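A.B. asks: Provided herewith is a single structure, encoded as structure tokens, for subsequent inquiry.
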Amino acid sequence: MIIITGGAGFIGSNIVKTLIKNGKKDLVISDYKRLNNNFISSSDLINVRMVPPDSLSKFIISTKKNIESIVHMGAVTDTTEKNINKVLDNNYYFSMKLFDFCADYDIKLIYASSASTYGDGNMGFEDKSNSKYLSTLKPLNAYGWSKHFFDRRVVRLFEERKKFLKNWAGLKFFNVY
């Protein structure tokens with residue numbers, strides 16, 4: 001089973017569509033939005049289950065032995081969001097819950113980071129995954145900071161081997177359009 005958070009959004013639904021096209025059969029989408037049939041045909045949805053985000057934690061615990069990977073695209077993506085607690089709860093704390101779960105049960109994790117973590121670009125756009133480099137970046141808004149906090153935490157855990165997840169990747173998306 002592959003779980004895709006944010007699977008009804010633009011990027012998430014295209015990931016779902018690609019997984020279906022490549023023969024993946026047991027897909028679970030967790031999103032507050034409904035899946036847009038413009039991206040995925042109704043006949044392909046036979047192999048897709050929906051789990052509301054509020055039920056996802058219970059679901060992953062009850063199905064942990066069947067989970068191959070989690071593709072975590074779900075987040076508060078509004079760069080003008082003023083409610084810092086909402087942004088941190090969704091983009092940092094929930095992401096850490098998923099990371100810890102994947103580390104505990106040896107499940108692959110792919111997560112959405114963001115180019116907004118680079119800030120205004122004065123430090124460049126290098127793709128260095130080390131604490132020293134990441135500490136120099138200065139995001140410009142709560143969304144960027146929430147993604148940056150998570151990137152830094154994951155890299156620090158990896159460097160210190162405190163919680164080791166063998167198979168993980170963070171993708172720094174620039175604006176899609």
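Ligands are numbered from 1 in the order shown, chains are lettered A, B, ... in the order of the structure tokens, and residues start at 1 in each chain.
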Using DSSP on the backbone, list every residue of region 23-113 of chain A that comes out as alpha helix (DSSP H), and give them as a ChimeraX atom specification.
C.D. replies: /A:56-62,84-88,94-105
A.B. asks: Any idea what's packed within 9 Å of Val76 (chain A), counting only C-alpha atoms, ignoring anything in its chain fewer than 5 positions away? Could you give it as a PyMOL selection string?
C.D. replies: chain A and resi 81+86-88+90-91+143
A.B. asks: Please save all heavy atoms of the selected residues as a CSV table (one decimal), in the first residue's frame.
C.D. replies:
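After the write, out.csv holds the following:
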chain,number,residue,atom,x,y,z
A,81,GLU,N,-0.5,32.7,4.9
A,81,GLU,CA,-1.2,32.2,6.2
A,81,GLU,C,-0.6,32.9,7.4
A,81,GLU,O,0.6,32.8,7.6
A,81,GLU,CB,-1.2,30.7,6.3
A,81,GLU,CG,-1.8,30.1,7.5
A,81,GLU,CD,-3.3,30.4,7.6
A,81,GLU,OE1,-4.0,30.0,6.7
A,81,GLU,OE2,-3.7,31.0,8.6
A,86,LYS,N,-1.4,26.8,13.0
A,86,LYS,CA,-2.0,26.0,12.0
A,86,LYS,C,-0.9,25.5,11.0
A,86,LYS,O,-0.8,24.4,10.6
A,86,LYS,CB,-3.1,26.8,11.2
A,86,LYS,CG,-3.7,26.1,10.0
A,86,LYS,CD,-4.7,27.0,9.3
A,86,LYS,CE,-5.2,26.3,8.1
A,86,LYS,NZ,-6.2,27.2,7.3
A,87,VAL,N,0.0,26.4,10.6
A,87,VAL,CA,1.1,26.1,9.7
A,87,VAL,C,2.0,25.1,10.4
A,87,VAL,O,2.4,24.1,9.7
A,87,VAL,CB,1.8,27.4,9.2
A,87,VAL,CG1,3.0,27.0,8.4
A,87,VAL,CG2,0.9,28.3,8.5
A,88,LEU,N,2.4,25.3,11.6
A,88,LEU,CA,3.3,24.4,12.3
A,88,LEU,C,2.7,23.1,12.5
A,88,LEU,O,3.3,22.0,12.3
A,88,LEU,CB,3.8,25.0,13.6
A,88,LEU,CG,4.9,26.1,13.4
A,88,LEU,CD1,5.2,26.7,14.8
A,88,LEU,CD2,6.2,25.6,12.8
A,90,ASN,N,0.4,21.5,10.8
A,90,ASN,CA,0.3,20.7,9.6
A,90,ASN,C,1.6,20.4,8.9
A,90,ASN,O,1.8,19.4,8.4
A,90,ASN,CB,-0.6,21.5,8.6
A,90,ASN,CG,-2.1,21.3,9.0
A,90,ASN,OD1,-2.7,20.4,8.7
A,90,ASN,ND2,-2.6,22.3,9.7
A,91,ASN,N,2.5,21.4,8.9
A,91,ASN,CA,3.7,21.3,8.1
A,91,ASN,C,4.9,20.8,8.8
A,91,ASN,O,5.8,20.3,8.2
A,91,ASN,CB,4.0,22.7,7.4
A,91,ASN,CG,3.0,23.1,6.5
A,91,ASN,OD1,2.0,22.5,6.3
A,91,ASN,ND2,3.2,24.3,5.9
A,143,TYR,N,5.1,29.7,6.1
A,143,TYR,CA,5.2,28.5,5.3
A,143,TYR,C,6.6,28.0,5.0
A,143,TYR,O,6.9,26.9,5.3
A,143,TYR,CB,4.4,28.7,4.0
A,143,TYR,CG,4.6,27.6,3.0
A,143,TYR,CD1,4.0,26.4,3.1
A,143,TYR,CD2,5.5,27.7,1.9
A,143,TYR,CE1,4.2,25.3,2.2
A,143,TYR,CE2,5.7,26.7,1.0
A,143,TYR,CZ,5.0,25.5,1.2
A,143,TYR,OH,5.3,24.5,0.3
A.B. asks: Could you check how far CA of Tyr93 (chain A) sits from CA of Arg34 (chain A), in Å to one decimal?
C.D. replies: 23.9 Å
A.B. asks: Which residues, written as a list in words, have at least one atom at most 10 Å from region 126-136 of chain A, with only C-alpha atoms counted and residues fewer than 6 positions away on the same chain left out?
C.D. replies: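 My list of contacting residues is Thr117, Tyr118, Gly119, His148, Phe149, Asp151, Arg152, Arg153, Val154, Val155, Arg156, Leu157, Phe158, Glu159, Gly170 and Lys172 of chain A.
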A.B. asks: Using DSSP on the backbone, list every residue of region 71-138 of chain A that comes out as strand (DSSP E or B), and give them as an MDAnalysis selection string.
C.D. replies: chainID A and resid 71:72 108:114
A.B. asks: Looking at A:Asn122, A:Thr80, A:Asn167, A:Ser116, which one is nearest to Ala103 (chain A), with distances taken over only C-alpha atoms?
C.D. replies: A:Asn167
A.B. asks: Measuring between only C-alpha atoms, which one of A:Ser55, A:Ser95, A:Ser113, A:Asn66 shows the shortest distance to Ile2 (chain A)?
C.D. replies: A:Asn66
A.B. asks: Measure the distance from CA of Asp26 (chain A) to CA of Lys147 (chain A) in Å and round it to one decimal.
C.D. replies: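 Atom-to-atom, CA of Asp26 (chain A) and CA of Lys147 (chain A) are spaced 28.5 Å apart.
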A.B. asks: How many Å lie between CA of Thr79 (chain A) and CA of Ile110 (chain A), rounded to one decimal?
C.D. replies: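 Going from CA of Thr79 (chain A) over to CA of Ile110 (chain A), I get 21.6 Å.
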A.B. asks: Of the candidates A:Ser13, A:Lys24, A:Ser114, A:Ser62, which one gets nearest to Ile46 (chain A) if we count only C-alpha atoms?
C.D. replies: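 When distances to Ile46 (chain A) are compared using only C-alpha atoms, the smallest one comes from A:Lys24.
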